[in-house]
>>> print(open('start_8.txt').read())   # compact mmCIF, C-alpha atoms
# COMPACT_ATOMS: atom_id res chain seq x y z
CA MET A 11 54.51 -63.73 -259.44
CA ARG A 12 55.86 -66.00 -262.19
CA PRO A 13 53.39 -66.56 -265.05
CA PRO A 14 52.14 -70.11 -265.80
CA LEU A 15 54.39 -72.31 -267.89
CA GLY A 16 53.53 -72.90 -271.51
CA CYS A 17 54.17 -75.60 -274.11
CA ALA A 18 57.70 -76.49 -272.96
CA ALA A 19 56.51 -77.08 -269.43
CA VAL A 20 53.93 -79.57 -270.56
CA GLY A 21 56.39 -81.28 -272.86
CA ARG A 22 54.94 -80.13 -276.20
CA THR A 23 57.53 -79.37 -278.84
CA ARG A 24 56.36 -76.33 -280.87
CA ARG A 25 56.41 -76.76 -284.61
CA GLN A 26 58.76 -74.58 -286.62
CA GLY A 27 57.28 -71.09 -287.12
CA GLU A 28 54.49 -71.65 -284.56
CA LYS A 29 53.96 -68.92 -281.98
CA CYS A 30 53.17 -69.73 -278.39
CA ASN A 31 50.46 -67.73 -276.64
CA ALA A 32 51.15 -64.90 -274.23
CA THR A 33 51.43 -67.22 -271.26
CA ASP A 34 54.13 -69.39 -272.83
CA PRO A 35 57.53 -68.42 -271.41
CA TYR A 36 59.54 -70.69 -273.71
CA ASN A 37 60.53 -70.56 -277.33
CA LEU A 38 61.63 -74.09 -278.18
CA LEU A 39 64.51 -74.25 -280.60
CA VAL A 40 65.75 -77.30 -282.46
CA ASP A 41 69.52 -77.23 -282.58
CA PRO A 42 70.97 -78.05 -286.01
CA VAL A 43 73.55 -80.30 -284.33
CA ALA A 44 72.20 -83.85 -284.28
CA GLY A 45 71.41 -85.21 -280.86
CA SER A 46 71.25 -81.78 -279.16
CA THR A 47 68.12 -79.89 -278.21
CA ALA A 48 67.51 -76.55 -276.58
CA ALA A 49 64.78 -74.68 -274.70
CA THR A 50 65.02 -70.90 -274.39
CA PRO A 51 62.96 -68.75 -271.99
CA SER A 52 61.46 -65.77 -273.78
CA ALA A 53 62.12 -62.21 -272.72
CA ASP A 54 58.78 -61.96 -270.95
CA ALA A 55 59.13 -65.18 -268.97
CA HIS A 56 59.98 -63.35 -265.76
CA GLY A 57 59.11 -59.79 -266.79
CA PRO A 58 60.94 -57.36 -269.12
CA ASP A 59 64.70 -57.93 -269.21
CA THR A 60 64.53 -60.04 -265.99
CA ALA A 61 66.33 -63.03 -267.50
CA ARG A 62 69.23 -60.83 -268.54
CA SER A 63 69.52 -59.14 -265.13
CA VAL A 64 69.72 -62.37 -263.05
CA ALA A 65 73.10 -64.07 -262.67
CA PRO A 66 73.50 -67.46 -264.37
CA PRO A 67 73.10 -70.51 -262.12
CA SER A 68 76.07 -72.31 -260.62
CA GLU A 69 76.80 -75.94 -261.49
CA GLN A 70 75.43 -76.94 -258.09
CA ASP A 71 72.23 -75.00 -258.78
CA VAL A 72 71.72 -76.98 -261.97
CA LEU A 73 72.51 -80.32 -260.29
CA ASP A 74 70.01 -79.52 -257.53
CA LEU A 75 67.34 -78.92 -260.17
CA LEU A 76 68.28 -82.13 -261.97
CA ARG A 77 67.86 -84.12 -258.76
CA GLN A 78 64.13 -83.59 -259.30
CA VAL A 79 64.31 -85.48 -262.61
CA VAL A 80 63.56 -89.10 -261.73
CA ASP A 81 64.19 -92.08 -264.00
CA PRO A 82 60.65 -93.42 -264.60
CA GLU A 83 61.73 -97.07 -264.46
CA LEU A 84 64.18 -97.04 -261.56
CA GLY A 85 62.57 -94.41 -259.35
CA VAL A 86 65.89 -92.65 -258.62
CA ASP A 87 66.99 -89.20 -259.79
CA ILE A 88 69.36 -89.04 -262.74
CA VAL A 89 72.14 -87.31 -260.78
CA THR A 90 72.28 -90.04 -258.13
CA LEU A 91 72.23 -92.66 -260.88
CA GLY A 92 75.31 -91.12 -262.50
CA MET A 93 73.48 -90.20 -265.70
CA VAL A 94 74.74 -86.59 -265.62
CA PRO A 95 78.52 -86.69 -266.22
CA ARG A 96 78.90 -82.93 -266.76
CA VAL A 97 77.17 -79.55 -266.69
CA ARG A 98 78.41 -76.43 -268.50
CA ILE A 99 77.11 -72.88 -267.97
CA ASP A 100 78.30 -69.94 -270.05
CA ALA A 101 78.34 -66.28 -269.03
CA GLY A 102 75.07 -65.62 -270.84
CA GLY A 103 73.12 -68.22 -268.86
CA ALA A 104 73.11 -70.97 -271.49
CA VAL A 105 73.24 -74.40 -269.80
CA THR A 106 74.45 -77.59 -271.45
CA VAL A 107 73.60 -80.80 -269.57
CA GLY A 108 75.35 -84.03 -270.45
CA VAL A 109 72.95 -86.97 -270.09
CA LYS A 110 74.05 -90.57 -270.54
CA LEU A 111 71.35 -93.14 -271.26
CA THR A 112 71.76 -96.85 -270.54
CA ILE A 113 71.24 -97.55 -274.25
CA GLY A 114 71.25 -95.21 -277.22
CA GLY A 115 67.68 -96.06 -278.23
CA CYS A 116 66.23 -95.72 -274.74
CA PRO A 117 62.42 -95.40 -275.07
CA LEU A 118 62.37 -93.00 -272.11
CA ARG A 119 64.60 -90.46 -273.84
CA ALA A 120 61.74 -88.09 -274.76
CA GLU A 121 60.39 -88.09 -271.21
CA ILE A 122 63.83 -87.48 -269.67
CA LYS A 123 64.49 -84.73 -272.24
CA ARG A 124 61.28 -82.95 -271.35
CA ASP A 125 61.91 -83.17 -267.60
CA VAL A 126 65.51 -81.96 -267.87
CA GLU A 127 64.59 -78.98 -270.03
CA THR A 128 61.65 -77.84 -267.94
CA ARG A 129 63.41 -78.29 -264.60
CA VAL A 130 66.59 -76.44 -265.54
CA ALA A 131 64.68 -73.66 -267.30
CA LEU A 132 62.89 -72.87 -264.02
CA HIS A 133 66.01 -71.03 -262.81
CA PRO A 134 65.56 -67.29 -263.60
CA GLY A 135 69.18 -66.97 -264.75
CA VAL A 136 68.89 -69.64 -267.43
CA THR A 137 68.55 -68.34 -270.98
CA ASP A 138 69.02 -71.59 -272.89
CA VAL A 139 68.99 -75.34 -272.10
CA ARG A 140 70.80 -77.86 -274.24
CA ILE A 141 71.19 -81.62 -273.77
CA ASP A 142 74.30 -83.43 -274.92
CA TRP A 143 73.26 -87.08 -275.20
CA GLY A 144 75.59 -90.01 -274.61
CA GLU A 145 75.47 -93.74 -273.92
CA MET A 146 76.78 -95.50 -270.83
CA THR A 147 79.58 -98.03 -270.89
CA ALA A 148 79.04 -101.52 -269.46
CA ASP A 149 80.78 -100.52 -266.22
CA GLU A 150 78.65 -97.40 -265.92
CA ARG A 151 75.48 -99.45 -266.43
CA SER A 152 76.57 -101.87 -263.71
CA SER A 153 77.21 -98.97 -261.35
CA LEU A 154 73.80 -97.47 -262.16
CA MET A 155 72.00 -100.74 -261.40
CA ALA A 156 73.92 -101.18 -258.14
CA THR A 157 72.83 -97.68 -257.09
CA ALA A 158 69.21 -98.42 -258.03
CA ARG A 159 69.19 -101.68 -256.06
CA LEU A 160 70.70 -100.02 -253.01
CA HIS A 161 68.08 -97.28 -253.21
CA ALA A 162 65.32 -99.91 -253.42
CA ARG A 163 66.73 -101.66 -250.36
CA GLU A 164 66.82 -98.44 -248.35
CA HIS A 165 63.28 -97.44 -249.39
CA ALA A 166 61.49 -100.77 -249.08
CA PRO A 167 57.68 -100.57 -248.92
CA ASP A 168 55.70 -101.82 -245.95
CA THR A 169 54.56 -105.46 -245.89
CA GLU A 170 52.54 -107.67 -243.57
CA VAL A 171 55.62 -109.79 -242.80
CA PRO A 172 56.62 -108.96 -239.20
CA ALA A 173 59.97 -107.24 -238.82
CA SER A 174 61.13 -109.92 -236.36
CA ALA A 175 60.67 -112.79 -238.86
CA ARG A 176 63.76 -114.29 -240.49
CA VAL A 177 63.07 -114.40 -244.24
CA LEU A 178 64.78 -117.23 -246.14
CA ALA A 179 64.35 -117.45 -249.92
CA VAL A 180 65.14 -120.87 -251.35
CA ALA A 181 66.47 -120.48 -254.89
CA SER A 182 68.17 -122.63 -257.48
CA GLY A 183 68.44 -120.67 -260.72
CA LYS A 184 66.98 -123.63 -262.65
CA GLY A 185 64.20 -126.15 -262.31
CA GLY A 186 64.47 -129.86 -261.59
CA VAL A 187 66.80 -129.76 -258.59
CA GLY A 188 64.14 -130.39 -255.93
CA LYS A 189 63.99 -126.81 -254.64
CA SER A 190 60.34 -127.01 -253.56
CA SER A 191 60.93 -130.29 -251.76
CA VAL A 192 63.88 -128.76 -249.91
CA THR A 193 61.79 -125.68 -249.01
CA VAL A 194 58.91 -127.71 -247.59
CA ASN A 195 61.06 -130.17 -245.66
CA LEU A 196 63.26 -127.46 -244.11
CA ALA A 197 60.22 -125.34 -243.18
CA ALA A 198 58.51 -128.35 -241.60
CA ALA A 199 61.66 -129.39 -239.72
CA VAL A 200 62.12 -125.86 -238.34
CA ALA A 201 58.45 -125.66 -237.32
CA ALA A 202 58.76 -129.02 -235.55
CA GLN A 203 61.30 -127.38 -233.23
CA GLY A 204 58.50 -125.22 -231.85
CA PHE A 205 58.53 -122.23 -234.22
CA THR A 206 55.83 -120.51 -236.25
CA VAL A 207 56.96 -120.76 -239.85
CA GLY A 208 55.42 -119.17 -242.92
CA VAL A 209 55.75 -120.78 -246.35
CA LEU A 210 55.20 -118.54 -249.38
CA ASP A 211 54.98 -120.38 -252.68
CA ALA A 212 56.42 -117.70 -254.99
CA ASP A 213 56.72 -120.17 -257.86
CA ILE A 214 53.46 -118.81 -259.27
CA TRP A 215 53.51 -120.82 -262.49
CA GLY A 216 54.83 -124.06 -261.05
CA PHE A 217 53.23 -124.15 -257.60
CA SER A 218 53.70 -127.46 -255.81
CA VAL A 219 53.74 -126.56 -252.11
CA PRO A 220 50.03 -127.41 -251.50
CA ARG A 221 50.50 -131.02 -252.60
CA LEU A 222 53.84 -131.40 -250.82
CA LEU A 223 52.22 -130.32 -247.53
CA GLY A 224 48.89 -132.09 -248.06
CA ILE A 225 46.85 -128.87 -247.86
CA ASP A 226 44.03 -128.18 -250.31
CA GLU A 227 41.78 -125.64 -248.55
CA ARG A 228 40.96 -122.44 -250.42
CA LEU A 229 42.37 -119.19 -249.08
CA GLU A 230 39.90 -116.96 -247.26
CA ALA A 231 39.91 -113.29 -246.35
CA GLU A 232 38.51 -111.23 -243.50
CA ARG A 233 38.08 -107.60 -242.57
CA VAL A 234 40.84 -106.19 -240.40
CA ASP A 235 40.63 -103.09 -238.22
CA GLY A 236 42.63 -100.22 -239.69
CA SER A 237 42.62 -101.64 -243.23
CA ASP A 238 40.41 -100.43 -246.07
CA LYS A 239 40.25 -103.90 -247.62
CA PRO A 240 40.12 -107.51 -246.39
CA LYS A 241 43.32 -109.42 -245.63
CA ILE A 242 44.05 -112.94 -246.89
CA LEU A 243 44.38 -115.59 -244.18
CA PRO A 244 47.08 -118.22 -244.76
CA ASN A 245 46.20 -121.90 -244.40
CA GLU A 246 47.65 -123.39 -241.23
CA ARG A 247 48.95 -126.81 -240.26
CA ARG A 248 50.17 -127.87 -236.84
CA VAL A 249 53.60 -129.50 -236.93
CA GLY A 250 54.78 -130.96 -233.63
CA ARG A 251 55.16 -128.03 -231.24
CA GLY A 252 55.06 -125.50 -234.08
CA THR A 253 52.82 -124.18 -236.82
CA LEU A 254 53.09 -123.81 -240.58
CA LYS A 255 51.29 -120.88 -242.28
CA VAL A 256 51.08 -121.46 -246.01
CA VAL A 257 50.13 -119.27 -249.00
CA SER A 258 50.16 -120.39 -252.64
CA THR A 259 48.35 -119.65 -255.88
CA GLY A 260 47.54 -123.36 -255.72
CA PHE A 261 44.94 -122.42 -253.08
CA LEU A 262 43.29 -120.05 -255.57
CA VAL A 263 43.12 -122.14 -258.75
CA GLY A 264 42.83 -125.81 -259.56
CA GLU A 265 45.96 -127.95 -259.51
CA ASP A 266 45.62 -128.61 -263.24
CA THR A 267 45.00 -124.96 -264.18
CA ALA A 268 47.73 -123.29 -266.24
CA LEU A 269 48.47 -119.70 -265.22
CA MET A 270 49.47 -117.84 -268.37
CA TRP A 271 50.80 -114.69 -266.73
CA ARG A 272 53.58 -112.40 -267.83
CA GLY A 273 56.54 -111.58 -265.59
CA LEU A 274 55.12 -108.35 -264.16
CA MET A 275 51.90 -110.13 -263.18
CA LEU A 276 53.93 -112.77 -261.37
CA ALA A 277 55.81 -110.10 -259.45
CA LYS A 278 52.52 -108.37 -258.58
CA ALA A 279 51.11 -111.64 -257.23
CA VAL A 280 54.09 -112.08 -254.92
CA GLU A 281 53.79 -108.44 -253.88
CA GLN A 282 50.14 -109.03 -252.97
CA PHE A 283 51.07 -112.08 -250.88
CA LEU A 284 53.53 -109.92 -248.94
CA ARG A 285 51.23 -106.92 -248.49
CA ASP A 286 47.75 -108.41 -248.28
CA VAL A 287 48.24 -111.66 -246.36
CA ARG A 288 47.69 -111.40 -242.63
CA TRP A 289 50.72 -113.44 -241.63
CA GLY A 290 50.48 -112.59 -237.93
CA GLU A 291 53.31 -113.71 -235.68
CA LEU A 292 56.15 -115.46 -237.52
CA ASP A 293 59.58 -116.69 -236.51
CA TYR A 294 60.55 -117.63 -240.06
CA LEU A 295 59.23 -117.13 -243.57
CA PHE A 296 60.48 -119.63 -246.16
CA ILE A 297 59.92 -118.50 -249.76
CA ASP A 298 59.96 -121.09 -252.52
CA MET A 299 61.39 -119.06 -255.40
CA PRO A 300 60.74 -119.74 -259.09
CA PRO A 301 63.69 -120.74 -261.26
CA GLY A 302 65.76 -117.98 -262.83
CA THR A 303 66.68 -114.41 -261.95
CA GLY A 304 63.74 -112.42 -263.28
CA ASP A 305 60.88 -110.18 -262.17
CA VAL A 306 59.87 -112.18 -259.09
CA GLN A 307 63.43 -112.26 -257.74
CA MET A 308 63.94 -108.54 -258.33
CA GLY A 309 60.55 -107.72 -256.83
CA LEU A 310 61.32 -109.73 -253.70
CA ALA A 311 64.65 -107.96 -253.25
CA ARG A 312 62.78 -104.65 -253.44
CA MET A 313 59.89 -105.63 -251.15
CA LEU A 314 61.88 -107.59 -248.53
CA PRO A 315 65.49 -106.40 -248.64
CA ARG A 316 66.29 -108.25 -245.40
CA THR A 317 65.80 -111.58 -247.20
CA ASP A 318 68.59 -114.15 -246.95
CA LEU A 319 69.17 -116.74 -249.67
CA LEU A 320 69.54 -120.51 -249.49
CA VAL A 321 70.87 -121.89 -252.78
CA VAL A 322 69.88 -125.41 -253.83
CA THR A 323 71.90 -127.38 -256.35
CA THR A 324 72.55 -130.96 -257.37
CA PRO A 325 76.07 -132.37 -257.74
CA ALA A 326 75.84 -131.91 -261.52
CA LEU A 327 78.09 -129.22 -263.00
CA ALA A 328 75.24 -127.67 -265.05
CA ALA A 329 73.08 -127.15 -261.96
CA GLN A 330 76.05 -125.76 -260.05
CA LYS A 331 76.82 -123.12 -262.69
CA VAL A 332 73.20 -121.97 -262.95
CA ALA A 333 72.86 -121.83 -259.16
CA ALA A 334 75.94 -119.59 -259.07
CA ARG A 335 74.00 -117.05 -261.14
CA ALA A 336 71.21 -117.07 -258.53
CA ALA A 337 73.80 -116.25 -255.87
CA ASP A 338 75.22 -113.50 -258.07
CA MET A 339 71.75 -111.99 -258.50
CA ALA A 340 71.27 -112.00 -254.72
CA ARG A 341 74.50 -110.18 -254.05
CA ARG A 342 73.86 -107.63 -256.77
CA SER A 343 70.57 -106.96 -254.96
CA TYR A 344 72.38 -106.68 -251.60
CA LEU A 345 70.91 -109.92 -250.27
CA ARG A 346 73.01 -112.23 -248.10
CA VAL A 347 73.65 -115.80 -249.24
CA LEU A 348 73.35 -118.01 -246.15
CA GLY A 349 74.57 -121.23 -247.64
CA VAL A 350 74.24 -124.07 -250.12
CA VAL A 351 72.14 -127.24 -249.88
CA GLU A 352 73.16 -130.07 -252.20
CA ASN A 353 70.12 -132.14 -253.11
CA MET A 354 70.13 -135.64 -254.68
CA SER A 355 73.73 -136.03 -253.59
CA ALA A 356 73.87 -139.84 -253.90
CA PHE A 357 71.62 -142.90 -254.01
CA VAL A 358 72.07 -145.50 -251.30
CA CYS A 359 70.54 -148.88 -252.09
CA ASP A 360 69.13 -151.34 -249.55
CA HIS A 361 72.41 -153.20 -249.09
CA GLY A 362 74.27 -149.95 -248.29
CA GLU A 363 76.05 -149.32 -251.57
CA SER A 364 76.24 -145.61 -252.53
CA TYR A 365 75.92 -144.46 -256.14
CA ALA A 366 76.68 -140.87 -257.23
CA LEU A 367 74.12 -140.82 -260.02
CA PHE A 368 74.51 -137.08 -260.69
CA GLY A 369 78.21 -136.81 -259.96
CA SER A 370 79.80 -135.65 -256.75
CA GLY A 371 81.29 -132.52 -255.20
CA GLY A 372 79.02 -130.00 -256.94
CA GLY A 373 77.59 -128.58 -253.72
CA GLN A 374 80.98 -128.02 -252.13
CA ALA A 375 82.37 -126.56 -255.36
CA LEU A 376 79.46 -124.08 -255.51
CA ALA A 377 79.88 -123.17 -251.84
CA ASP A 378 83.59 -122.51 -252.41
CA GLU A 379 82.85 -120.45 -255.53
CA ILE A 380 80.32 -118.12 -253.88
CA GLY A 381 81.99 -118.02 -250.46
CA ALA A 382 79.12 -119.57 -248.49
CA PRO A 383 79.00 -122.69 -246.31
CA LEU A 384 77.71 -126.05 -247.51
CA LEU A 385 74.85 -126.62 -245.07
CA GLY A 386 74.12 -130.20 -245.95
CA GLN A 387 73.84 -132.93 -248.57
CA ILE A 388 70.44 -134.57 -249.06
CA PRO A 389 70.74 -138.09 -250.50
CA LEU A 390 68.54 -139.32 -253.33
CA GLU A 391 65.94 -141.46 -251.58
CA PRO A 392 62.50 -142.77 -252.70
CA ALA A 393 61.02 -141.82 -249.32
CA VAL A 394 61.40 -138.10 -250.15
CA ALA A 395 59.28 -138.41 -253.30
CA ALA A 396 56.75 -140.68 -251.57
CA GLY A 397 56.37 -138.22 -248.69
CA GLY A 398 55.85 -135.35 -251.12
CA ASP A 399 53.17 -137.22 -253.05
CA ALA A 400 51.37 -138.06 -249.79
CA GLY A 401 51.65 -134.54 -248.34
CA ALA A 402 53.82 -135.86 -245.50
CA PRO A 403 57.32 -134.28 -245.60
CA VAL A 404 59.93 -136.90 -244.81
CA ALA A 405 61.64 -134.47 -242.41
CA LEU A 406 58.73 -134.80 -239.96
CA ALA A 407 58.18 -138.46 -239.18
CA GLY A 408 60.41 -140.11 -241.72
CA THR A 409 63.48 -142.21 -241.01
CA GLY A 410 66.61 -142.73 -243.02
CA PRO A 411 69.50 -140.63 -244.34
CA ALA A 412 67.39 -138.03 -246.18
CA ALA A 413 65.15 -137.30 -243.18
CA ASP A 414 68.18 -137.04 -240.92
CA ALA A 415 69.92 -134.71 -243.37
CA PHE A 416 66.91 -132.36 -243.59
CA ARG A 417 66.63 -132.21 -239.80
CA ALA A 418 70.35 -131.55 -239.45
CA VAL A 419 70.20 -128.61 -241.89
CA ALA A 420 67.12 -127.24 -240.06
CA ARG A 421 68.95 -127.40 -236.72
CA ARG A 422 71.92 -125.63 -238.23
CA ILE A 423 69.66 -122.88 -239.56
CA VAL A 424 68.11 -122.29 -236.14
CA ASP A 425 71.25 -122.69 -234.04
CA GLU A 426 73.92 -121.19 -236.26
CA ILE A 427 73.07 -119.75 -239.66
CA ALA A 428 69.84 -117.80 -239.04
CA PRO A 429 68.71 -117.98 -235.41
CA PRO A 430 65.25 -116.53 -234.71
CA ALA A 431 65.19 -112.86 -233.75
CA ASN A 432 64.47 -113.58 -230.09
CA MET A 433 67.52 -115.84 -229.97
CA ALA A 434 69.92 -113.72 -232.00
CA GLY A 435 71.39 -111.81 -229.07
CA CYS A 436 74.23 -113.02 -226.84
CA THR A 437 72.13 -112.95 -223.66
CA ALA A 438 69.36 -115.03 -225.19
CA ARG A 439 71.86 -117.58 -226.44
CA MET A 440 73.54 -117.79 -223.03
CA LEU A 441 70.19 -118.36 -221.33
CA SER A 442 69.32 -121.00 -223.88
CA ALA A 443 72.65 -122.76 -223.31
CA VAL A 444 72.19 -122.64 -219.53
CA THR A 445 68.65 -124.02 -219.83
CA ALA A 446 69.84 -126.83 -222.11
CA ALA A 447 72.67 -127.68 -219.68
CA LEU A 448 70.28 -127.77 -216.70
CA ASP A 449 67.82 -129.94 -218.62
CA ALA A 450 70.61 -132.35 -219.52
CA ARG A 451 71.76 -132.47 -215.89
CA ASP A 452 68.22 -133.12 -214.66
CA ALA A 453 67.84 -135.90 -217.20
CA ALA A 454 71.16 -137.42 -216.10
CA ASP A 455 70.16 -137.22 -212.42
CA ALA A 456 66.80 -138.83 -213.15
CA HIS A 457 68.51 -141.62 -215.09
CA SER A 458 71.01 -142.32 -212.27
CA SER A 459 68.25 -142.35 -209.64
CA ASP A 460 66.24 -144.84 -211.70
CA SER A 461 69.21 -147.14 -211.98
>>> encode(input="start_8.txt", output="structure tokens")
Amino acid sequence: MRPPLGCAAVGRTRRQGEKCNATDPYNLLVDPVAGSTAATPSADAHGPDTARSVAPPSEQDVLDLLRQVVDPELGVDIVTLGMVPRVRIDAGGAVTVGVKLTIGGCPLRAEIKRDVETRVALHPGVTDVRIDWGEMTADERSSLMATARLHAREHAPDTEVPASARVLAVASGKGGVGKSSVTVNLAAAVAAQGFTVGVLDADIWGFSVPRLLGIDERLEAERVDGSDKPKILPNERRVGRGTLKVVSTGFLVGEDTALMWRGLMLAKAVEQFLRDVRWGELDYLFIDMPPGTGDVQMGLARMLPRTDLLVVTTPALAAQKVAARAADMARRSYLRVLGVVENMSAFVCDHGESYALFGSGGGQALADEIGAPLLGQIPLEPAVAAGGDAGAPVALAGTGPAADAFRAVARRIVDEIAPPANMAGCTARMLSAVTAALDARDAADAHSSDS
């Protein structure tokens, strides 16, 4: 039986001249070459002369051991991340492991060093472990992050969002483009078609969804069978033949309360809304994203990797360029970009004259740049702001170009861009088309008989 590991195994570097106790199988040596360290099993680590009688490990043996060394931040082993460019083993069992860090001053270096040394030294044929440190190039860092994001997508944690729900994140990259208004109006217009639609206000700092939908009830929780803690119940609002289920930090604090939370706290709040809200049956979940490409966006990509992105921009060049970064973030996180919505496209006055107050063509230019369709252009209209202030989205009962544009984008989402799961298959679509054709024929027959 192998004796218990000593100071090297617990990550303690022995001071020069210090002797480990009888149960310590390692004599830690500090290599005189800067940037290189070594850990050497003592002669009694595996019994008298055992280390000398066992053949040195192969390169694959060492790589297999290193696959148990996990980057503490990314949650992926250092071999898979490409942090181990080379391994050298000499005839005497001395192993040199090349380790490339993302930056030279990586604060996790000591932890990675300890894990590499202790893992490799577990092989009975290893007599010495050295680390040859290096720093990644920009391309290598990009490759590492792509691998980490793909791993996160393939190992997504469980949430309360049903697997059949289509998840649409509405993002802009910057504030002031009417992203929340677009989110609320599209969600309401989709629900009005007879669907159950969730709305998650992930803009934790700048929540505005409660006012835009005219909902001010506090969130409540209830005990659920099979769960060790209560689940949050979303606030609900009937919309035509459908239902909206809404969650926002605005239902937890006063509208005038400033939330002074750091980025990780924001991401944790969104994570709680995904895990601890009892969403129930959903056809769609619209997520109003905060501006930027930070912790909340990365957390969402990890928690709900099936999320699709709707990018909102105005015709202005500045908004277009920032929105392109939001699309780039999505693709780097392996999220699909469904399309672009251009908001505040033009102002049409009462006598019909159109004024491009923020320029023109920005939405189409962005769509062309990121390779996604332009789903619609929402004109600048006072009725949109008035409806938001009153908690009555213009897409529901409003009239005019803006209301029509919102409803047209919603129909395109349902019919073409992101059909609900129960309508995504060919058979379901054929049945729907046949039903629609029969309804139209019945209506035509009824009209002809009346006349």
>>> residues_around(input="start_8.txt", residues="Leu390 of chain A", least_positions_apart="3", cutoff="7 Å", atoms="all atoms listed in the file", output="PyMOL selection string")
chain A and resi 354-357
>>> residues_around(input="start_8.txt", residues="Val180 of chain A", least_positions_apart="3", cutoff="8 Å", atoms="only C-alpha atoms", output="PyMOL selection string")
chain A and resi 189+193+296-299+319-322
>>> closest_residue(input="start_8.txt", among="A:Ile214, A:Met146, A:Val219, A:Asp286", to="Glu232 of chain A", atoms="only C-alpha atoms")
A:Asp286
>>> closest_residue(input="start_8.txt", among="A:Glu379, A:Glu145, A:Glu83, A:Asp211", to="Leu276 of chain A", atoms="only C-alpha atoms")
A:Asp211
>>> closest_residue(input="start_8.txt", among="A:Arg159, A:Ala199, A:Gly183, A:Ala405", to="Met308 of chain A", atoms="all atoms listed in the file")
A:Arg159
>>> atom_distance(input="start_8.txt", atom1="atom CA of Asp87 of chain A", atom2="atom CA of Gly135 of chain A")
22.9 Å
>>> closest_residue(input="start_8.txt", among="A:Gly369, A:Pro403, A:Gly398, A:Gly309", to="Ala202 of chain A", atoms="only C-alpha atoms")
A:Pro403
>>> atom_distance(input="start_8.txt", atom1="atom CA of Glu121 of chain A", atom2="atom CA of Asp81 of chain A")
9.1 Å
>>> closest_residue(input="start_8.txt", among="A:Ala413, A:Ala201, A:Val287, A:Val94", to="Leu243 of chain A", atoms="only C-alpha atoms")
A:Val287
>>> atom_distance(input="start_8.txt", atom1="atom CA of Pro301 of chain A", atom2="atom CA of Ala337 of chain A")
12.3 Å
>>> closest_residue(input="start_8.txt", among="A:Arg176, A:Arg451, A:Lys184, A:Arg342", to="Asp318 of chain A", atoms="all atoms listed in the file")
A:Arg176
>>> decode(input="start_8.txt", residues="segment 196-208 of chain A", atoms="N, CA and C atoms", output="PDB file, in the first residue's frame")
ATOM      1  N   LEU A 196     -42.554  42.519 -28.689  1.00  0.00           N
ATOM      2  CA  LEU A 196     -42.493  41.257 -29.426  1.00  0.00           C
ATOM      3  C   LEU A 196     -43.061  40.113 -28.593  1.00  0.00           C
ATOM      4  N   ALA A 197     -42.740  40.082 -27.284  1.00  0.00           N
ATOM      5  CA  ALA A 197     -43.271  39.031 -26.417  1.00  0.00           C
ATOM      6  C   ALA A 197     -44.794  39.102 -26.353  1.00  0.00           C
ATOM      7  N   ALA A 198     -45.325  40.307 -26.221  1.00  0.00           N
ATOM      8  CA  ALA A 198     -46.775  40.471 -26.156  1.00  0.00           C
ATOM      9  C   ALA A 198     -47.433  40.078 -27.472  1.00  0.00           C
ATOM     10  N   ALA A 199     -46.819  40.457 -28.606  1.00  0.00           N
ATOM     11  CA  ALA A 199     -47.396  40.130 -29.907  1.00  0.00           C
ATOM     12  C   ALA A 199     -47.363  38.632 -30.175  1.00  0.00           C
ATOM     13  N   VAL A 200     -46.325  37.951 -29.706  1.00  0.00           N
ATOM     14  CA  VAL A 200     -46.265  36.492 -29.862  1.00  0.00           C
ATOM     15  C   VAL A 200     -47.305  35.830 -28.959  1.00  0.00           C
ATOM     16  N   ALA A 201     -47.428  36.303 -27.715  1.00  0.00           N
ATOM     17  CA  ALA A 201     -48.429  35.737 -26.803  1.00  0.00           C
ATOM     18  C   ALA A 201     -49.834  35.929 -27.344  1.00  0.00           C
ATOM     19  N   ALA A 202     -50.092  37.060 -27.990  1.00  0.00           N
ATOM     20  CA  ALA A 202     -51.423  37.336 -28.530  1.00  0.00           C
ATOM     21  C   ALA A 202     -51.827  36.335 -29.613  1.00  0.00           C
ATOM     22  N   GLN A 203     -50.845  35.622 -30.169  1.00  0.00           N
ATOM     23  CA  GLN A 203     -51.145  34.600 -31.172  1.00  0.00           C
ATOM     24  C   GLN A 203     -51.557  33.273 -30.536  1.00  0.00           C
ATOM     25  N   GLY A 204     -51.653  33.255 -29.204  1.00  0.00           N
ATOM     26  CA  GLY A 204     -52.121  32.065 -28.522  1.00  0.00           C
ATOM     27  C   GLY A 204     -51.041  31.265 -27.832  1.00  0.00           C
ATOM     28  N   PHE A 205     -49.867  31.857 -27.609  1.00  0.00           N
ATOM     29  CA  PHE A 205     -48.753  31.135 -27.001  1.00  0.00           C
ATOM     30  C   PHE A 205     -48.545  31.564 -25.554  1.00  0.00           C
ATOM     31  N   THR A 206     -47.878  30.681 -24.801  1.00  0.00           N
ATOM     32  CA  THR A 206     -47.452  31.017 -23.443  1.00  0.00           C
ATOM     33  C   THR A 206     -46.013  31.496 -23.521  1.00  0.00           C
ATOM     34  N   VAL A 207     -45.808  32.728 -23.142  1.00  0.00           N
ATOM     35  CA  VAL A 207     -44.515  33.391 -23.354  1.00  0.00           C
ATOM     36  C   VAL A 207     -43.963  33.887 -22.028  1.00  0.00           C
ATOM     37  N   GLY A 208     -42.747  33.489 -21.711  1.00  0.00           N
ATOM     38  CA  GLY A 208     -42.061  34.012 -20.548  1.00  0.00           C
ATOM     39  C   GLY A 208     -41.257  35.246 -20.911  1.00  0.00           C
TER      40      GLY A 208
END
